[in-house]
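Below you'll find the structure, written out as structure tokens, and then a few comments.
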Amino acid sequence: MKALTKKETNADGKRKPVAGTKQISHLQFSKEELQMKKKLVSVLLATSMVLSLVACTGGTEATSDVATGTTEGGQTTVEAPAGDYDLTSIKMVVDGTLTANLDNRQDAFIEQWQEAIKEETGRDVTLNINQLDHSGYVDAVGRLFAGGDYPDVMIMPASMYAQYSSTGILWDMTDAYNNAEFQSRMEKPEINEGLKRDGKLYGFSPAYGNGCVTYVKTAWLDAVGLKASDIKTYDDYYNMLLKFTNEDPDGNGKNDTYGTIAAGFMKTDEAPYINYLPEFWQDAYPAIYQNESGEWVDGFTEDATKQALVRLQKAYKDGVIDPETLTASTKIAREKYFSNEQSGSSGSFAYWAGTWYQTLTDNLVKNDVDTELVMLEPIAEVGAYINREAPVWVIIDDQDGDNSREQAIFDTFIDTMLDGGKVQVLWTYGAEDVHWSTKAESFVLNAGTDNEKSYEYADGEFHLKQSPNDANTLWKKNAMDPALVIAPLVGEYADFTSTSELAAQGNLFFVQHCKDAHPSPSCETLTNESGTIQDAQNRVISAVIVEGKDVDAALADYEAEAGAIVAQALSELNAQ
Ligand SMILES: [Ca+2]
Ligand SMILES: [Ca+2]
């Protein structure tokens with residue numbers, strides 16, 4: 001259903017039947033089935049929108065619903081060379097990656113970004129940010145697209161990028177990237193080289209991926225007589241979870257705690273899917289991936305996945321996993337973890353490495369809970385934590401056959417993101433004198449408590465300030481993690497470094513204990529029908545783990561629901 005290309009026509013020029021055609025019949029499905037297929041519908045609508053844009057955009061008429069700026073008056077800029085495009089606004093969609101959210105002075109970030117852009121590019125551009133909830137991001141974007149509401153730029157998690165990269169919706173930024181100003185400072189070109197599909201780059205990542213590590217509450221380990229260094233195998237880990245569940249580690253006299261909690265047993269719509277419960281999934285990779293012999297396979301039906309599902313089924317039955325894991329968002333999972341009320345909380349929690357080590361600790365401090373967290377070395381069966389593919393920034397192609405608008409967006413928004421200076425600082429740390437400063441100042445966090453901490457800075461000394469929405473925590477970073485970025489700050493900004501010791505420890509620990517995630521698959525059938533596969537996977541997860549259904553029976557249901565689609569996807573992938 002993507003824009004017609006040579007690839008999709010037969011020798012006689014007729015359009016080949018493409019995967020997804022039969023999905024038109026979903027319109028006759030029940031409301032419930034429609035709901036289940038919402039992701040698919042979103043993608044279909046999005047891709048058919050592109051098709052209709054291509055069909056109706058011709059000559060000098062700019063009829064695109066997606067077009068912004070000067071094309072809106074019916075005049076196109078077909079003759080205009082790149083660089084002359086009069087870009088006046090950028091509509092951006094983002095998830096929780098942008099830490100400078102509405103509660104944290106996003107207005108100041110926008111204002112300073114607009115000023116810096118004017119200084120650097122001469123362009124007067126209004127930045128409009130639509131920040132969507134992090135947990136439901138993929139669905140929310142699908143709904144925006146389905147409603148024809150396309151941004152100019154947006155962030156996409158890697159698996160979403162794989163899904164959309166072949167649709168024609170994303171602008172081919174290969175040339176723009178190759179000629180970008182930041183290339184002279186590039187330290188890790190392999191990150192974006194790895195994002196190319198058939199040699200073309202449709203999404204840009206300014207940083208590498210990062211991943212999750214398992215944090216454990218030291219006070220709970222002490223309470224049940226364990227040490228983190230003793231947890232070496234799955235049996236050790238499971239024994240720890242049992243003790244956290246059955247031996248009252250919070251000391252309130254009741255067995256009202258859990259071993260662990262996660263945002264979902266498996267995050268079926270976002271690679272690497274299993275990073276929130278690594279000890280249970282171990283060597284399983286329950287998604288379509290390329291195995292060691294180079295063949296694309298469905299890991300969801302492999303024996304390793306069956307064994308992982310059985311481990312999770314037992315853990316659920318034993319009560320060591322918080323049952324809210326089935327539905328919890330990342331926000332709910334982490335808030336339960338560091339809650340002031342530790343009854344109902346968990347001892348072990350796999351979450352993002354680096355900055356989050358500091359943030360989780362800060363929240364424990366704020367909630368007056370024993371604060372020490374220890375990072376668990378990967379147990380033997382896990383071996384290494386997963387370094388996810390980096391999320392990317394994409395530019396929406398308005399399909400008018402002219403690159404000047406998209407090039408202007410690249411130059412203004414993406415190229416400046418790694419300018420080594422003012423704009424990169426904004427993406428990395430936020431707004432000057434709001435999130436960070438070089439002015440002399442002193443302040444105290446958690447004054448009058450055991451966790452009181454004083455900070456004092458001389459004039460000219462770069463430092464992070466108190467978080468705008470919470471004067472008792474230190475601000476950490478904005479959208480780009482300084483430890484993960486692929487091109488450095490330079491000149492007067494070169495010594496702007498984050499001061500959090502735990503974040504640095506966390507990043508180092510992760511780098512020492514990680515392996516790269518399998519690359520996300522990209523083919524037409526997955527673009528159109530991955531929602532159906534995810535729905536079938538979610539039903540297996542829920543049936544086996546929560547309802548205690550036999551794993552083989554549940555996988556037979558999966559095969560009946562999604563088997564044909566998976567087989568088609570695998571055949572496309574293996575033919576590439
Ligand atoms: Ca208790
Ligand atoms: Ca265009």
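Chain identifiers are assigned as A, B, and so on, following the order in which chains appear in the structure tokens; residues are numbered from 1 within each chain, and ligands are numbered from 1 in order of appearance.
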*asked:* Show me which residues are within 12 Å of ligand 1 counting only C-alpha atoms and all ligand atoms, and format the list as a PyMOL selection string.
replied: chain A and resi 220+223-224+243-259+341-347
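Considering only C-alpha atoms and all ligand atoms, every residue of the polymer chains approaching ligand 2 to 9 Å or closer is listed here: A:Ala67, A:Thr77, A:Val78, A:Trp171, A:Ile396, A:Asp397, A:Asp398, A:Gln399, A:Asp400, A:Gly401, A:Asp402, A:Asn403, A:Ser404, A:Arg405, A:Glu406, A:Gln407.
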Can you write out the residues you just picked, keeping all heavy atoms, as a CSV table (one decimal), in the first residue's frame?
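And here is the file that came out, result_37.csv:
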```csv
chain,number,residue,atom,x,y,z
A,67,ALA,N,2.0,19.1,3.5
A,67,ALA,CA,2.9,20.3,3.2
A,67,ALA,C,2.6,21.4,4.2
A,67,ALA,O,1.5,21.6,4.7
A,67,ALA,CB,2.6,20.8,1.8
A,77,THR,N,7.5,25.2,-4.6
A,77,THR,CA,8.9,25.8,-4.7
A,77,THR,C,9.8,24.9,-5.5
A,77,THR,O,11.0,24.8,-5.2
A,77,THR,CB,9.4,25.9,-3.2
A,77,THR,OG1,9.3,24.6,-2.6
A,77,THR,CG2,8.7,26.9,-2.4
A,78,VAL,N,9.2,24.3,-6.5
A,78,VAL,CA,9.9,23.3,-7.3
A,78,VAL,C,11.2,23.9,-7.9
A,78,VAL,O,12.2,23.2,-7.9
A,78,VAL,CB,9.0,22.8,-8.5
A,78,VAL,CG1,9.8,21.9,-9.4
A,78,VAL,CG2,7.8,22.0,-7.9
A,171,TRP,N,11.3,10.9,4.5
A,171,TRP,CA,12.2,11.5,3.5
A,171,TRP,C,13.5,10.8,3.5
A,171,TRP,O,14.1,10.5,4.5
A,171,TRP,CB,12.4,13.0,3.8
A,171,TRP,CG,13.1,13.7,2.8
A,171,TRP,CD1,12.9,13.9,1.5
A,171,TRP,CD2,14.4,14.5,3.0
A,171,TRP,NE1,13.8,14.6,0.8
A,171,TRP,CE2,14.7,15.0,1.8
A,171,TRP,CE3,15.2,14.8,4.1
A,171,TRP,CZ2,15.9,15.8,1.6
A,171,TRP,CZ3,16.3,15.5,4.0
A,171,TRP,CH2,16.6,16.1,2.7
A,396,ILE,N,9.1,13.9,7.6
A,396,ILE,CA,8.0,13.4,6.8
A,396,ILE,C,8.1,14.0,5.4
A,396,ILE,O,8.3,15.2,5.2
A,396,ILE,CB,6.7,13.8,7.4
A,396,ILE,CG1,6.6,13.3,8.9
A,396,ILE,CG2,5.5,13.3,6.6
A,396,ILE,CD1,6.7,11.8,9.0
A,397,ASP,N,8.1,13.2,4.4
A,397,ASP,CA,8.2,13.6,3.0
A,397,ASP,C,6.8,14.0,2.5
A,397,ASP,O,5.8,13.2,2.6
A,397,ASP,CB,8.7,12.4,2.2
A,397,ASP,CG,9.0,12.8,0.7
A,397,ASP,OD1,8.4,13.7,0.2
A,397,ASP,OD2,9.9,12.1,0.1
A,398,ASP,N,6.7,15.2,2.0
A,398,ASP,CA,5.3,15.7,1.6
A,398,ASP,C,5.0,15.2,0.2
A,398,ASP,O,3.9,15.6,-0.3
A,398,ASP,CB,5.2,17.2,1.7
A,398,ASP,CG,6.2,18.0,0.8
A,398,ASP,OD1,6.8,17.3,0.0
A,398,ASP,OD2,6.3,19.2,1.0
A,399,GLN,N,5.8,14.4,-0.4
A,399,GLN,CA,5.4,13.7,-1.6
A,399,GLN,C,5.3,14.7,-2.8
A,399,GLN,O,4.7,14.3,-3.8
A,399,GLN,CB,4.1,12.9,-1.5
A,399,GLN,CG,4.1,12.0,-0.3
A,399,GLN,CD,5.0,10.8,-0.4
A,399,GLN,OE1,5.2,10.3,-1.4
A,399,GLN,NE2,5.7,10.5,0.7
A,400,ASP,N,5.8,15.9,-2.8
A,400,ASP,CA,5.6,16.8,-3.9
A,400,ASP,C,6.7,16.7,-4.9
A,400,ASP,O,6.8,17.4,-5.9
A,400,ASP,CB,5.4,18.2,-3.5
A,400,ASP,CG,6.7,18.8,-2.9
A,400,ASP,OD1,7.6,18.1,-2.7
A,400,ASP,OD2,6.6,20.0,-2.6
A,401,GLY,N,7.7,15.7,-4.7
A,401,GLY,CA,8.7,15.5,-5.6
A,401,GLY,C,9.8,16.5,-5.6
A,401,GLY,O,10.7,16.6,-6.4
A,402,ASP,N,9.7,17.4,-4.6
A,402,ASP,CA,10.7,18.5,-4.5
A,402,ASP,C,11.3,18.4,-3.1
A,402,ASP,O,10.6,18.3,-2.1
A,402,ASP,CB,10.0,19.9,-4.7
A,402,ASP,CG,10.9,21.0,-4.4
A,402,ASP,OD1,11.9,21.2,-5.2
A,402,ASP,OD2,10.8,21.7,-3.4
A,403,ASN,N,12.7,18.5,-3.0
A,403,ASN,CA,13.3,18.3,-1.8
A,403,ASN,C,13.6,19.5,-0.9
A,403,ASN,O,14.2,19.4,0.2
A,403,ASN,CB,14.7,17.6,-2.0
A,403,ASN,CG,14.5,16.1,-2.4
A,403,ASN,OD1,13.6,15.5,-1.8
A,403,ASN,ND2,15.3,15.7,-3.3
A,404,SER,N,13.3,20.7,-1.5
A,404,SER,CA,13.8,21.9,-0.8
A,404,SER,C,13.2,22.1,0.6
A,404,SER,O,13.9,22.5,1.5
A,404,SER,CB,13.6,23.1,-1.7
A,404,SER,OG,12.2,23.3,-2.0
A,405,ARG,N,11.9,21.8,0.8
A,405,ARG,CA,11.3,21.9,2.1
A,405,ARG,C,12.0,20.9,3.1
A,405,ARG,O,12.4,21.3,4.2
A,405,ARG,CB,9.8,21.6,2.0
A,405,ARG,CG,9.2,21.5,3.4
A,405,ARG,CD,7.7,21.1,3.3
A,405,ARG,NE,7.3,20.5,4.5
A,405,ARG,CZ,7.4,19.2,4.8
A,405,ARG,NH1,8.0,18.4,3.9
A,405,ARG,NH2,7.0,18.7,6.0
A,406,GLU,N,12.1,19.7,2.7
A,406,GLU,CA,12.7,18.7,3.5
A,406,GLU,C,14.2,19.0,3.9
A,406,GLU,O,14.6,18.8,5.0
A,406,GLU,CB,12.6,17.3,2.9
A,406,GLU,CG,11.1,16.8,2.8
A,406,GLU,CD,10.3,17.3,1.7
A,406,GLU,OE1,10.9,18.1,0.9
A,406,GLU,OE2,9.2,16.9,1.5
A,407,GLN,N,14.9,19.5,2.8
A,407,GLN,CA,16.3,19.8,3.1
A,407,GLN,C,16.4,21.0,4.1
A,407,GLN,O,17.3,21.0,4.9
A,407,GLN,CB,17.0,20.2,1.7
A,407,GLN,CG,18.4,20.6,1.9
A,407,GLN,CD,19.4,19.4,2.2
A,407,GLN,OE1,19.3,18.4,1.5
A,407,GLN,NE2,20.2,19.6,3.2
```
*With only C-alpha atoms as the atoms that count, which of A:Thr361, A:Ser348, A:Asn472, A:Asn275 lies nearest to Leu502 of chain A?*
A:Thr361
Show me, as a JSON list (two decimals) with N, CA, C and O atoms, in the first residue's frame, the residues that have an atom within 9 Å of Ala116 of chain A when counting only C-alpha atoms, minus same-chain residues fewer than 5 positions from it.
```json
[["chain", "number", "residue", "atom", "x", "y", "z"],
["A", 111, "GLU", "N", 12.13, 28.70, 23.27],
["A", 111, "GLU", "CA", 12.54, 30.09, 23.05],
["A", 111, "GLU", "C", 14.03, 30.17, 22.72],
["A", 111, "GLU", "O", 14.44, 30.83, 21.76],
["A", 121, "THR", "N", 21.42, 29.96, 11.51],
["A", 121, "THR", "CA", 20.98, 29.72, 10.13],
["A", 121, "THR", "C", 20.33, 30.95, 9.50],
["A", 121, "THR", "O", 20.05, 30.94, 8.31],
["A", 422, "LYS", "N", 25.83, 25.79, 20.80],
["A", 422, "LYS", "CA", 24.61, 26.21, 21.48],
["A", 422, "LYS", "C", 23.41, 25.28, 21.32],
["A", 422, "LYS", "O", 22.71, 24.98, 22.28],
["A", 423, "VAL", "N", 23.15, 24.87, 20.06],
["A", 423, "VAL", "CA", 21.95, 24.06, 19.84],
["A", 423, "VAL", "C", 22.14, 22.66, 20.43],
["A", 423, "VAL", "O", 21.24, 22.10, 21.06]]
```
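For the choices A:Ala458, A:Ile117, A:Leu364, A:Ile129, the atom-to-atom distance to Thr438 of chain A is smallest for A:Ala458 when using only C-alpha atoms.
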*Within 9 Å of Asp415 of chain A using only C-alpha atoms, minus same-chain residues under 4 positions, as a PyMOL selection string*: chain A and resi 176-177+180-182+409-411+419
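Look at segment 299-305 of chain A: the protein and nucleic acid residues within 8 Å of it, using only C-alpha atoms and passing over chain neighbours fewer than 5 places away, are Trp281, Asp283, Ala284, Tyr285, Pro286, Ala287, Ile288, Tyr289, Gln537 and Leu555 of chain A.
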